[in-house]
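Reproduced below: data27.cif, with mmCIF, C-alpha atoms.
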```cif
data_work
loop_
_atom_site.label_atom_id
_atom_site.label_comp_id
_atom_site.auth_asym_id
_atom_site.auth_seq_id
_atom_site.Cartn_x
_atom_site.Cartn_y
_atom_site.Cartn_z
CA MET V 1 -29.70 -28.39 -18.31
CA LYS V 2 -32.57 -26.25 -17.06
CA LYS V 3 -33.53 -25.98 -13.44
CA LEU V 4 -36.94 -24.50 -13.69
CA LEU V 5 -39.72 -22.66 -11.95
CA ILE V 6 -43.42 -22.43 -12.75
CA VAL V 7 -44.65 -19.03 -13.89
CA CYS V 8 -48.11 -20.00 -15.04
CA CYS V 9 -50.45 -22.78 -13.91
CA VAL V 10 -53.97 -22.29 -15.24
CA VAL V 11 -56.75 -24.64 -14.14
CA LEU V 12 -59.05 -25.08 -17.11
CA SER V 13 -61.44 -27.59 -15.61
CA CYS V 14 -61.83 -29.74 -12.53
CA LYS V 15 -63.70 -32.94 -13.21
CA SER V 16 -63.75 -36.19 -11.29
CA SER V 17 -61.81 -38.57 -13.51
CA LYS V 18 -59.25 -41.28 -12.89
CA ILE V 19 -57.61 -40.46 -16.20
CA ALA V 20 -57.27 -36.69 -15.88
CA GLY V 21 -59.36 -34.81 -13.35
CA ILE V 22 -57.50 -31.53 -13.88
CA LYS V 23 -56.28 -29.87 -17.07
CA GLU V 24 -53.45 -27.38 -16.78
CA THR V 25 -51.25 -25.26 -18.96
CA VAL V 26 -47.75 -25.07 -17.50
CA ARG V 27 -45.19 -22.61 -18.82
CA GLU V 28 -41.66 -22.90 -17.59
CA ALA V 29 -39.70 -19.97 -16.22
CA ASP V 30 -36.19 -18.94 -17.22
CA ASN V 31 -33.12 -20.83 -16.06
CA ALA V 32 -32.53 -21.02 -12.33
CA MET V 33 -28.75 -21.25 -12.66
CA GLN V 34 -25.90 -19.52 -10.91
CA SER V 35 -22.41 -19.74 -12.43
CA GLY V 36 -23.29 -22.98 -14.16
CA THR V 37 -24.70 -24.53 -10.99
CA PRO V 38 -28.39 -25.54 -10.90
CA ILE V 39 -30.40 -24.18 -8.01
CA PHE V 40 -32.86 -26.61 -6.50
CA ALA V 41 -36.52 -25.72 -6.91
CA LYS V 42 -39.58 -27.87 -6.45
CA GLY V 43 -41.17 -29.09 -9.63
CA HIS V 44 -44.77 -29.01 -10.73
CA PRO V 45 -47.09 -31.14 -8.56
CA ALA V 46 -48.52 -34.15 -10.38
CA PHE V 47 -49.67 -36.17 -7.36
CA ASP V 48 -53.08 -36.99 -8.80
CA ALA V 49 -54.60 -37.59 -12.22
CA LYS V 50 -54.22 -34.64 -14.57
CA LYS V 51 -53.49 -33.55 -18.11
CA ILE V 52 -50.83 -30.94 -18.75
CA ASN V 53 -50.09 -28.81 -21.78
CA TYR V 54 -46.42 -28.01 -21.26
CA GLU V 55 -44.71 -25.03 -22.91
CA GLY V 56 -40.94 -24.64 -22.45
CA ILE V 57 -38.87 -21.52 -22.92
CA ASP V 58 -36.91 -23.47 -25.56
CA ASN V 59 -40.21 -23.82 -27.51
CA THR V 60 -40.71 -27.39 -26.30
CA LYS V 61 -44.38 -28.30 -26.33
CA LEU V 62 -45.62 -31.53 -24.77
CA GLN V 63 -48.99 -33.00 -23.89
CA ILE V 64 -48.58 -35.06 -20.72
CA SER V 65 -51.24 -37.20 -19.09
CA PHE V 66 -50.78 -38.64 -15.58
CA LYS V 67 -53.22 -41.32 -14.52
CA GLU V 68 -54.20 -41.78 -10.90
CA PRO V 69 -51.55 -43.78 -8.98
CA VAL V 70 -52.41 -47.43 -8.37
CA VAL V 71 -51.45 -48.67 -4.90
CA ILE V 72 -50.17 -52.24 -5.33
CA GLY V 73 -48.64 -53.05 -1.94
CA VAL V 74 -48.87 -51.59 1.57
CA ALA V 75 -46.74 -52.47 4.60
CA SER V 76 -48.71 -54.02 7.47
CA LYS V 77 -46.50 -52.33 10.09
CA PRO V 78 -43.86 -49.59 10.32
CA GLU V 79 -40.80 -50.73 8.37
CA LYS V 80 -37.13 -49.84 8.69
CA TRP V 81 -34.99 -48.50 5.87
CA GLY V 82 -34.61 -51.05 3.09
CA TYR V 83 -38.04 -52.65 3.43
CA PHE V 84 -40.85 -51.76 0.98
CA GLN V 85 -38.31 -49.91 -1.16
CA PHE V 86 -36.31 -50.08 -4.41
CA PRO V 87 -39.09 -51.21 -6.79
CA SER V 88 -38.38 -52.66 -10.22
CA ILE V 89 -40.84 -53.37 -13.01
CA GLY V 90 -40.74 -55.78 -15.94
CA ARG V 91 -42.65 -58.41 -17.88
CA ARG V 92 -42.69 -62.07 -16.95
CA ALA V 93 -41.31 -64.21 -19.74
CA SER V 94 -43.81 -66.97 -18.95
CA ASP V 95 -46.98 -65.06 -19.87
CA GLY V 96 -46.10 -61.40 -20.60
CA SER V 97 -47.78 -60.16 -17.43
CA ILE V 98 -46.31 -57.10 -15.70
CA GLN V 99 -44.48 -57.73 -12.45
CA VAL V 100 -43.42 -55.18 -9.85
CA ARG V 101 -41.12 -56.34 -7.08
CA TRP V 102 -39.71 -54.45 -4.12
CA ASN V 103 -37.05 -55.04 -1.52
CA MET V 104 -37.95 -56.76 1.75
CA THR V 105 -34.61 -56.85 3.54
CA ARG V 106 -31.88 -54.52 4.83
CA ASP V 107 -30.08 -52.12 2.55
CA ALA V 108 -26.65 -53.46 3.51
CA ILE V 109 -23.80 -55.55 2.19
CA GLU V 110 -24.77 -58.28 4.65
CA ALA V 111 -28.10 -58.68 2.83
CA TYR V 112 -26.71 -59.07 -0.71
CA GLY V 113 -27.97 -62.30 -2.23
CA GLU V 114 -30.89 -62.75 0.19
CA ASP V 115 -33.36 -61.97 -2.60
CA LYS V 116 -36.35 -61.26 -0.37
CA PHE V 117 -39.03 -59.38 -2.26
CA GLY V 118 -42.63 -58.35 -2.23
CA VAL V 119 -44.31 -58.81 -5.59
CA ALA V 120 -47.48 -57.86 -7.43
CA VAL V 121 -48.58 -58.85 -10.94
CA SER V 122 -50.87 -57.23 -13.51
CA THR V 123 -52.52 -59.07 -16.39
CA ASP V 124 -54.30 -55.94 -17.74
CA ASN V 125 -51.29 -53.80 -18.69
CA GLY V 126 -50.95 -52.12 -15.31
CA ARG V 127 -54.51 -51.08 -14.57
CA THR V 128 -54.84 -53.48 -11.64
CA PHE V 129 -52.39 -55.62 -9.66
CA ARG V 130 -52.62 -58.73 -7.50
CA LEU V 131 -50.14 -59.60 -4.76
CA GLN V 132 -48.22 -62.82 -5.39
CA ASP V 133 -46.36 -65.23 -3.10
CA SER V 134 -43.51 -65.90 -5.51
CA VAL V 135 -41.30 -63.64 -7.58
CA GLN V 136 -40.09 -64.38 -11.10
CA THR V 137 -36.99 -63.10 -12.84
CA THR V 138 -38.08 -60.71 -15.58
CA GLY V 139 -34.71 -59.99 -17.17
CA SER V 140 -33.20 -56.61 -17.90
CA VAL V 141 -32.29 -57.07 -21.58
CA LEU V 142 -33.36 -59.22 -24.55
CA LEU V 143 -30.28 -60.39 -26.43
CA PRO V 144 -29.95 -60.65 -30.23
CA ASN V 145 -29.87 -64.47 -29.96
CA GLY V 146 -33.21 -64.51 -28.15
CA ASP V 147 -31.82 -65.12 -24.64
CA MET V 148 -32.78 -62.85 -21.74
CA LEU V 149 -30.21 -61.63 -19.23
CA GLU V 150 -30.32 -60.04 -15.78
CA ILE V 151 -27.42 -58.99 -13.57
CA TYR V 152 -27.28 -61.10 -10.40
CA THR V 153 -25.63 -60.21 -7.09
CA PRO V 154 -24.43 -63.31 -5.23
CA THR V 155 -23.96 -63.62 -1.47
CA PRO V 156 -20.68 -62.04 -0.26
CA ILE V 157 -17.96 -64.34 1.05
CA LYS V 158 -16.12 -63.68 4.30
CA GLU V 159 -12.54 -62.45 3.95
CA LYS V 160 -11.30 -65.16 6.33
CA GLU V 161 -12.66 -67.84 4.00
CA LEU V 162 -10.64 -66.57 1.03
CA ALA V 163 -6.96 -66.58 0.15
CA LEU V 164 -6.67 -62.90 -0.70
CA SER V 165 -3.76 -61.21 -2.41
CA LYS V 166 -1.97 -58.10 -1.17
CA PRO V 167 -4.34 -55.07 -1.04
CA VAL V 168 -3.87 -52.27 -3.58
CA GLY V 169 -5.36 -49.44 -1.55
CA VAL V 170 -8.06 -48.37 0.87
CA GLY V 171 -10.96 -45.94 0.70
CA LEU V 172 -13.74 -44.61 2.92
CA GLU V 173 -17.30 -45.88 2.51
CA ASN V 174 -18.92 -42.71 3.81
CA TYR V 175 -22.35 -44.08 4.72
CA ARG V 176 -20.99 -46.71 7.11
CA LYS V 177 -17.89 -44.62 7.89
CA SER V 178 -15.74 -47.71 7.43
CA ASN V 179 -12.96 -48.55 4.99
CA PHE V 180 -12.97 -50.34 1.68
CA THR V 181 -9.94 -52.56 1.14
CA PHE V 182 -9.12 -52.87 -2.56
CA TYR V 183 -7.72 -55.89 -4.41
CA ARG V 184 -6.78 -56.28 -8.05
CA LEU V 185 -9.69 -57.97 -9.82
CA HIS V 186 -7.53 -60.50 -11.66
CA ASP V 187 -5.70 -61.51 -8.45
CA LEU V 188 -8.86 -62.45 -6.57
CA PRO V 189 -9.95 -66.08 -6.09
CA GLN V 190 -12.03 -67.44 -8.95
CA SER V 191 -15.25 -67.17 -6.93
CA ARG V 192 -14.77 -63.38 -6.67
CA GLN V 193 -13.86 -62.74 -10.30
CA GLY V 194 -16.08 -62.11 -13.28
CA VAL V 195 -19.72 -61.16 -13.02
CA PHE V 196 -22.87 -63.17 -12.34
CA PHE V 197 -26.08 -63.23 -14.37
CA LYS V 198 -29.41 -64.96 -14.51
CA ARG V 199 -30.01 -66.19 -18.06
CA LEU V 200 -33.14 -67.51 -19.73
CA LYS V 201 -32.13 -69.25 -22.94
CA LYS V 202 -34.39 -68.89 -25.92
CA GLY V 203 -37.03 -71.60 -25.92
CA GLU V 204 -36.41 -72.59 -22.29
CA THR V 205 -38.46 -71.86 -19.18
CA GLU V 206 -35.89 -72.01 -16.37
CA TRP V 207 -33.61 -69.11 -15.43
CA LYS V 208 -30.08 -70.27 -14.58
CA ILE V 209 -27.31 -68.49 -12.72
CA GLU V 210 -23.98 -68.29 -14.53
CA GLN V 211 -20.59 -66.66 -14.01
CA ALA V 212 -19.22 -64.67 -16.95
CA THR V 213 -15.63 -63.62 -17.61
CA LEU V 214 -14.65 -60.00 -16.98
CA VAL V 215 -11.44 -58.75 -18.60
CA ASP V 216 -10.10 -55.52 -17.07
CA PRO V 217 -6.48 -55.52 -15.83
CA GLN V 218 -6.87 -52.08 -14.23
CA ALA V 219 -10.00 -52.83 -12.21
CA ALA V 220 -10.13 -53.29 -8.44
CA ARG V 221 -12.74 -54.87 -6.21
CA TYR V 222 -13.25 -54.29 -2.52
CA SER V 223 -13.91 -55.91 0.80
CA LEU V 224 -16.06 -54.17 3.41
CA ALA V 225 -17.11 -55.19 6.92
CA GLY V 226 -15.13 -58.41 6.55
CA LEU V 227 -16.99 -59.42 3.38
CA VAL V 228 -16.01 -59.61 -0.29
CA PRO V 229 -19.03 -59.00 -2.55
CA ILE V 230 -19.39 -58.92 -6.32
CA VAL V 231 -21.13 -55.63 -7.05
CA TRP V 232 -21.67 -54.95 -10.75
CA TRP V 233 -24.76 -52.78 -11.00
CA GLY V 234 -26.10 -50.78 -13.92
CA ASP V 235 -27.78 -50.98 -17.32
CA ILE V 236 -27.08 -53.27 -20.28
CA ARG V 237 -27.95 -52.08 -23.78
CA VAL V 238 -27.73 -53.62 -27.24
CA ALA V 239 -25.52 -51.56 -29.57
CA LYS V 240 -26.21 -51.12 -33.28
CA ASP V 241 -23.73 -53.88 -34.18
CA GLY V 242 -25.55 -56.37 -31.94
CA SER V 243 -22.91 -56.38 -29.21
CA LEU V 244 -23.86 -55.73 -25.59
CA VAL V 245 -22.60 -52.72 -23.66
CA ALA V 246 -22.95 -52.46 -19.88
CA GLY V 247 -22.53 -49.22 -17.91
CA ILE V 248 -21.83 -50.22 -14.32
CA TYR V 249 -20.67 -49.07 -10.92
CA PRO V 250 -18.72 -49.18 -8.68
CA GLY V 251 -15.72 -48.68 -10.94
CA PHE V 252 -12.45 -48.56 -9.00
CA LEU V 253 -9.34 -47.93 -11.11
CA ILE V 254 -5.79 -49.01 -10.34
CA ASP V 255 -3.32 -46.32 -11.44
CA GLU V 256 0.09 -46.64 -13.03
CA LYS V 257 1.68 -46.83 -9.57
CA GLY V 258 -0.40 -49.86 -8.67
CA MET V 259 -2.71 -48.07 -6.21
CA THR V 260 -6.49 -47.75 -6.40
CA ASP V 261 -8.29 -44.45 -6.76
CA PRO V 262 -10.75 -44.47 -3.83
CA HIS V 263 -13.32 -42.51 -5.87
CA SER V 264 -15.68 -44.64 -7.91
CA GLY V 265 -16.19 -43.98 -11.59
CA VAL V 266 -18.55 -45.59 -14.08
CA PHE V 267 -17.04 -48.35 -16.23
CA PHE V 268 -18.34 -49.62 -19.57
CA TYR V 269 -17.85 -53.19 -20.76
CA ARG V 270 -18.60 -54.82 -24.13
CA SER V 271 -19.62 -58.38 -24.92
CA THR V 272 -19.63 -59.88 -28.41
CA ASP V 273 -20.73 -63.36 -27.30
CA ASN V 274 -24.16 -62.60 -25.80
CA GLY V 275 -22.86 -61.88 -22.32
CA HIS V 276 -20.58 -64.85 -21.65
CA SER V 277 -17.47 -62.65 -21.56
CA TRP V 278 -16.93 -58.91 -21.16
CA GLN V 279 -14.00 -56.63 -22.03
CA ILE V 280 -13.37 -53.11 -20.82
CA GLN V 281 -14.71 -50.58 -23.33
CA GLY V 282 -14.32 -47.21 -21.61
CA ARG V 283 -14.62 -45.29 -18.37
CA ILE V 284 -16.04 -42.13 -16.86
CA PRO V 285 -13.53 -41.43 -14.06
CA TYR V 286 -14.74 -39.34 -11.15
CA ASP V 287 -13.91 -35.65 -11.58
CA ALA V 288 -13.72 -33.82 -8.26
CA THR V 289 -12.94 -30.53 -10.03
CA THR V 290 -16.28 -30.31 -11.83
CA VAL V 291 -18.08 -27.05 -11.15
CA GLY V 292 -21.36 -27.46 -9.33
CA ASP V 293 -20.56 -29.37 -6.14
CA SER V 294 -18.79 -27.77 -3.20
CA LEU V 295 -18.41 -31.19 -1.54
CA ALA V 296 -16.96 -32.90 -4.59
CA ALA V 297 -13.54 -33.63 -3.10
CA LYS V 298 -15.07 -35.47 -0.13
CA ARG V 299 -17.43 -37.70 -2.10
CA GLY V 300 -17.10 -41.37 -2.93
CA GLY V 301 -17.52 -40.69 -6.65
CA TYR V 302 -20.15 -41.44 -9.31
CA SER V 303 -22.72 -44.14 -8.69
CA GLU V 304 -26.06 -45.51 -9.93
CA PRO V 305 -25.55 -44.74 -13.64
CA ALA V 306 -28.50 -44.67 -15.99
CA PHE V 307 -27.34 -45.54 -19.49
CA GLU V 308 -29.32 -45.25 -22.72
CA VAL V 309 -28.58 -45.50 -26.45
CA LEU V 310 -30.14 -42.53 -28.26
CA ASN V 311 -31.74 -42.54 -31.72
CA ASP V 312 -28.51 -41.58 -33.49
CA GLY V 313 -26.42 -44.16 -31.61
CA THR V 314 -24.99 -41.69 -29.09
CA PHE V 315 -24.66 -43.04 -25.56
CA LEU V 316 -26.01 -40.95 -22.66
CA CYS V 317 -25.06 -41.68 -19.06
CA VAL V 318 -26.59 -39.92 -16.03
CA MET V 319 -24.92 -40.46 -12.64
CA ARG V 320 -25.63 -39.88 -8.95
CA THR V 321 -23.22 -38.23 -6.49
CA THR V 322 -25.39 -37.92 -3.36
CA ASP V 323 -23.80 -40.01 -0.60
CA GLY V 324 -23.04 -39.96 3.11
CA VAL V 325 -21.28 -36.61 2.69
CA GLY V 326 -24.52 -34.92 1.68
CA ILE V 327 -26.91 -34.13 -1.17
CA GLY V 328 -25.12 -33.85 -4.50
CA PRO V 329 -25.94 -33.15 -8.16
CA MET V 330 -26.60 -35.64 -10.91
CA PHE V 331 -24.16 -35.45 -13.82
CA ALA V 332 -24.48 -36.29 -17.52
CA SER V 333 -21.87 -37.51 -20.00
CA TYR V 334 -22.02 -38.51 -23.68
CA SER V 335 -20.14 -40.92 -25.92
CA THR V 336 -20.19 -40.98 -29.72
CA ASP V 337 -17.90 -44.02 -30.08
CA GLU V 338 -19.99 -46.66 -28.28
CA GLY V 339 -18.58 -45.97 -24.84
CA LYS V 340 -14.86 -45.84 -25.56
CA THR V 341 -14.52 -42.15 -24.71
CA TRP V 342 -16.84 -39.83 -22.81
CA THR V 343 -17.39 -36.10 -22.52
CA LYS V 344 -16.46 -34.30 -19.32
CA PRO V 345 -19.44 -34.80 -16.96
CA THR V 346 -21.62 -31.73 -16.52
CA VAL V 347 -24.24 -31.00 -13.86
CA LEU V 348 -27.72 -32.04 -14.95
CA THR V 349 -29.79 -31.53 -11.79
CA ALA V 350 -29.07 -30.15 -8.33
CA THR V 351 -30.20 -33.34 -6.58
CA GLY V 352 -31.18 -36.90 -7.36
CA VAL V 353 -30.52 -40.59 -6.81
CA MET V 354 -30.93 -43.66 -9.03
CA PRO V 355 -31.72 -41.93 -12.33
CA ARG V 356 -33.64 -44.03 -14.84
CA LEU V 357 -33.72 -43.35 -18.58
CA LEU V 358 -36.28 -44.56 -21.12
CA ARG V 359 -36.32 -43.73 -24.84
CA LEU V 360 -39.89 -43.81 -26.14
CA GLY V 361 -40.83 -44.69 -29.68
CA ASN V 362 -42.10 -41.16 -30.37
CA GLY V 363 -38.65 -39.70 -29.73
CA VAL V 364 -39.26 -38.37 -26.21
CA LEU V 365 -36.63 -39.26 -23.61
CA VAL V 366 -37.90 -39.91 -20.08
CA MET V 367 -35.83 -39.50 -16.93
CA ALA V 368 -36.99 -40.55 -13.46
CA SER V 369 -35.07 -39.86 -10.26
CA GLY V 370 -35.72 -39.24 -6.59
CA ARG V 371 -34.80 -37.49 -3.36
CA PRO V 372 -36.46 -35.36 -2.58
CA GLY V 373 -39.64 -37.23 -3.49
CA VAL V 374 -39.88 -38.74 -6.98
CA GLN V 375 -39.45 -36.66 -10.14
CA LEU V 376 -40.15 -37.20 -13.83
CA ARG V 377 -38.51 -35.09 -16.54
CA PHE V 378 -38.87 -35.22 -20.33
CA SER V 379 -36.53 -34.31 -23.18
CA ALA V 380 -38.31 -33.61 -26.46
CA ASP V 381 -35.04 -33.32 -28.37
CA GLY V 382 -34.39 -37.02 -27.76
CA GLN V 383 -30.81 -36.21 -26.75
CA GLY V 384 -31.19 -35.14 -23.13
CA ARG V 385 -29.71 -31.71 -23.92
CA GLN V 386 -32.85 -29.85 -22.89
CA TRP V 387 -35.16 -31.11 -20.16
CA THR V 388 -38.54 -30.00 -18.87
CA MET V 389 -39.01 -28.91 -15.30
CA PRO V 390 -39.47 -31.85 -12.94
CA PHE V 391 -42.96 -33.19 -12.32
CA GLU V 392 -43.41 -34.27 -8.71
CA MET V 393 -45.02 -37.62 -7.99
CA LEU V 394 -45.15 -37.04 -4.21
CA PRO V 395 -45.38 -34.01 -1.90
CA TYR V 396 -42.45 -33.29 0.41
CA GLY V 397 -41.25 -30.61 2.82
CA GLU V 398 -38.17 -28.43 3.00
CA VAL V 399 -34.99 -29.80 1.48
CA LYS V 400 -31.93 -29.25 3.64
CA LYS V 401 -28.42 -28.79 2.29
CA GLU V 402 -27.18 -31.86 4.11
CA LEU V 403 -28.59 -35.33 3.67
CA SER V 404 -31.50 -35.36 6.14
CA GLY V 405 -31.50 -39.11 6.72
CA VAL V 406 -34.17 -41.74 6.26
CA THR V 407 -36.60 -40.50 8.90
CA ALA V 408 -37.53 -37.40 6.89
CA ALA V 409 -37.69 -39.15 3.50
CA VAL V 410 -41.06 -39.43 1.73
CA SER V 411 -39.72 -42.10 -0.66
CA CYS V 412 -36.56 -44.09 -1.24
CA GLY V 413 -36.43 -42.20 -4.55
CA TYR V 414 -35.78 -45.34 -6.61
CA THR V 415 -38.10 -46.05 -9.53
CA GLY V 416 -38.78 -48.51 -12.30
CA LEU V 417 -39.86 -47.61 -15.85
CA LEU V 418 -41.63 -49.87 -18.35
CA PRO V 419 -42.77 -48.81 -21.84
CA LEU V 420 -46.35 -49.61 -22.85
CA GLY V 421 -46.15 -48.16 -26.35
CA LYS V 422 -44.43 -45.46 -28.34
CA ASN V 423 -45.89 -42.67 -26.16
CA LYS V 424 -46.79 -44.39 -22.91
CA PHE V 425 -45.04 -45.96 -19.91
CA LEU V 426 -45.49 -47.09 -16.32
CA ILE V 427 -43.49 -45.77 -13.38
CA ALA V 428 -43.19 -47.71 -10.11
CA TYR V 429 -42.11 -45.92 -6.91
CA SER V 430 -42.37 -46.02 -3.13
CA ASP V 431 -44.47 -43.73 -0.94
CA PHE V 432 -43.46 -43.62 2.73
CA ASN V 433 -46.46 -41.51 3.78
CA TYR V 434 -49.35 -43.57 2.48
CA ARG V 435 -52.39 -43.32 4.78
CA THR V 436 -54.34 -46.54 5.18
CA GLU V 437 -58.11 -46.78 5.63
CA SER V 438 -57.55 -47.03 9.39
CA GLY V 439 -55.54 -43.81 9.35
CA ASP V 440 -52.08 -45.32 9.84
CA ILE V 441 -49.06 -44.04 7.90
CA ARG V 442 -47.30 -46.90 6.14
CA LYS V 443 -44.86 -47.47 3.31
CA ALA V 444 -46.52 -48.34 0.02
CA ILE V 445 -45.56 -49.18 -3.56
CA LYS V 446 -47.36 -47.30 -6.32
CA VAL V 447 -47.58 -47.62 -10.09
CA ARG V 448 -48.99 -45.07 -12.50
CA GLU V 449 -49.40 -44.71 -16.22
CA VAL V 450 -47.97 -41.68 -17.98
CA THR V 451 -48.55 -40.63 -21.58
CA VAL V 452 -46.40 -37.97 -23.29
CA ASN V 453 -46.72 -36.60 -26.82
CA PRO V 454 -44.63 -33.90 -28.55
#
```
Could you take the file, read its structure, and then write that structure out as structure tokens?
Amino acid sequence: MKKLLIVCCVVLSCKSSKIAGIKETVREADNAMQSGTPIFAKGHPAFDAKKINYEGIDNTKLQISFKEPVVIGVASKPEKWGYFQFPSIGRRASDGSIQVRWNMTRDAIEAYGEDKFGVAVSTDNGRTFRLQDSVQTTGSVLLPNGDMLEIYTPTPIKEKELALSKPVGVGLENYRKSNFTFYRLHDLPQSRQGVFFKRLKKGETEWKIEQATLVDPQAARYSLAGLVPIVWWGDIRVAKDGSLVAGIYPGFLIDEKGMTDPHSGVFFYRSTDNGHSWQIQGRIPYDATTVGDSLAAKRGGYSEPAFEVLNDGTFLCVMRTTDGVGIGPMFASYSTDEGKTWTKPTVLTATGVMPRLLRLGNGVLVMASGRPGVQLRFSADGQGRQWTMPFEMLPYGEVKKELSGVTAAVSCGYTGLLPLGKNKFLIAYSDFNYRTESGDIRKAIKVREVTVNP
């Protein structure tokens, strides 16, 4: 991993263009590392349209083109945390148009299953968008049998409405400062077992919600604030043999003594029947001894995994650790046996939430993450072993050691990535400091096209 500084930024021209108004040559500085720990440094500003010739100290050379951001939705009033945030991007199965949706409810367990979104649609491959009244499910993965699948989070059920078994541990949820109560997955009532999906069967037009079987005798689920949710969040990929592999969080493990580790890991499940049943494949347990995080022992564990299958079949997983304890690094781990075993996680970046990975057809690996701001990084080796410096999508101020809270944030930091071709993609993200024509500062959702060539 390289945490990088800019040593040269030469402006070659400055023309008014929505494709690339500025051309720059950017050469990366040497590693900003201390004892294996990355030191945070702001990346290269890419707020507006520009073309960049990038030269890395590892001889990486990339041509990167950032188009002007397209503003697709703006809040009409000041919004609290959770609203006008967490964008996702995909294609509608009905007509192939591009849809961006964003959250329009609280970021809380009480809001799971409400499914309140803002939405905009593009019929010209992302150049322009129109706001829509209704949202469509776009699906997160196309299955070998032609079905489309998307993870679904149902409404939590109150503890008092369930016949719950004896708890197998407790743990601190350090944002709310309240306790998780853990239960063995297989001892829960049927309504709280398994995992839920939305499925669009091949040749059909209606998405249907279904409950799939989840086989994992060592897994625990939790209750929080008097509610029992089903949280199974992450990426699903198609392996070379046609099976499905999901990398998800939270992953709470029951030990040999029958008690639950309160630190979340990332669990991997495999399905050989197109997502109707899932069996445990492997785990990345949280490692509080990993060098690079002085607050490691106090954290809740790994969360928000980005999971991608690389060209040679290797699995790469990138994970968040930032939580209510404070800003933490992102970690990377690899598997060469389709998720059964994983390398010891190593620090990838000094900060970051909700990493997203996208493998382009030209071999370049894209990683998006946020907080502070929104960053894009590229790996020309296609393996995620060497990364460029971050390119900043938004300006931001000083980054404090502790988590500064939502009032100082310039974005939720969550993004969506959608490929447009072998060298091109769209990124969707939130901007909390968008200035309207009347001069007001409002939250906004932006989309921009990025092209990268080795």
Compile the contact shell of segment 87-96 of chain V as a PDB file with C-alpha atoms, in the coordinates of the input: residues with an atom at most 6 Å away, counting only C-alpha atoms, same-chain residues fewer than 5 positions apart removed.
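Wrote selection-v3.pdb, looks like this:
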```
ATOM      1  CA  ARG V 101     -41.120 -56.340  -7.080  1.00  0.00           C
ATOM      2  CA  TRP V 102     -39.710 -54.450  -4.120  1.00  0.00           C
ATOM      3  CA  THR V 138     -38.080 -60.710 -15.580  1.00  0.00           C
ATOM      4  CA  THR V 415     -38.100 -46.050  -9.530  1.00  0.00           C
ATOM      5  CA  GLY V 416     -38.780 -48.510 -12.300  1.00  0.00           C
TER       6      GLY V 416
END
```
For this session: Taking the file above as input, evaluate the PyMOL selection byres ((chain V and resi 274) around 10) and report the hits as a list in words.
Result: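 Checking the PyMOL selection byres ((chain V and resi 274) around 10) against this file, the residues are Leu142, Leu143, Pro144, Asn145, Gly146, Asp147, Met148, Leu149, Val238, Gly242, Ser243, Leu244, Arg270, Ser271, Thr272, Asp273, Gly275, His276, Ser277 and Trp278 of chain V.
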Problem set entry | the PyMOL selection byres ((chain V and resi 159) around 7) resolved against shown file, as a list in words | Ile157, Lys158, Lys160, Glu161, Leu162, Gly226, Leu227 and Val228 of chain V
Prev. selection, C-alpha atoms, output as a PDB file, in the coordinates of the input:
```pdb
ATOM      1  CA  ILE V 157     -17.960 -64.340   1.050  1.00  0.00           C
ATOM      2  CA  LYS V 158     -16.120 -63.680   4.300  1.00  0.00           C
ATOM      3  CA  LYS V 160     -11.300 -65.160   6.330  1.00  0.00           C
ATOM      4  CA  GLU V 161     -12.660 -67.840   4.000  1.00  0.00           C
ATOM      5  CA  LEU V 162     -10.640 -66.570   1.030  1.00  0.00           C
ATOM      6  CA  GLY V 226     -15.130 -58.410   6.550  1.00  0.00           C
ATOM      7  CA  LEU V 227     -16.990 -59.420   3.380  1.00  0.00           C
ATOM      8  CA  VAL V 228     -16.010 -59.610  -0.290  1.00  0.00           C
TER       9      VAL V 228
END
```
Hey, could you make a per-residue contact list for segment 318-340 of chain V against segment 366-371 of chain V with 10 Å as the cut-off, showing the nearest pair of atoms and its distance in Å to one decimal, counting all atoms listed in the file, sorted by chain and number, as JSON lines?
```
{"residue": "V:Val318", "atom": "CA", "partner": "V:Met367", "partner_atom": "CA", "distance": 9.3}
{"residue": "V:Arg320", "atom": "CA", "partner": "V:Ser369", "partner_atom": "CA", "distance": 9.5}
{"residue": "V:Thr322", "atom": "CA", "partner": "V:Arg371", "partner_atom": "CA", "distance": 9.4}
{"residue": "V:Ile327", "atom": "CA", "partner": "V:Arg371", "partner_atom": "CA", "distance": 8.9}
{"residue": "V:Met330", "atom": "CA", "partner": "V:Ser369", "partner_atom": "CA", "distance": 9.5}
```
Grab the residues selected above and save them as a CSV table (one decimal), keeping the file's coordinate frame with C-alpha atoms.
```csv
chain,number,residue,atom,x,y,z
V,318,VAL,CA,-26.6,-39.9,-16.0
V,320,ARG,CA,-25.6,-39.9,-9.0
V,322,THR,CA,-25.4,-37.9,-3.4
V,327,ILE,CA,-26.9,-34.1,-1.2
V,330,MET,CA,-26.6,-35.6,-10.9
```
For this session: Excluding Ala444 of chain V and any residue of its chain fewer than 4 positions from it, enumerate the residues within 10 Å of it, using only C-alpha atoms, and give them as a list in words.
Result: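 Counting only the stated atoms, we get Val71, Ile72, Gly73, Val74, Ala75, Ser76, Phe84, Gln85, Ser411, Tyr429, Ser430, Asp431, Phe432, Asn433, Tyr434, Arg435 and Thr436 of chain V.
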Exercise. Can you tell me how far atom CA of Ile236 of chain V sits from atom CA of Asp312 of chain V, in Å to one decimal?
Worked result: 17.7 Å
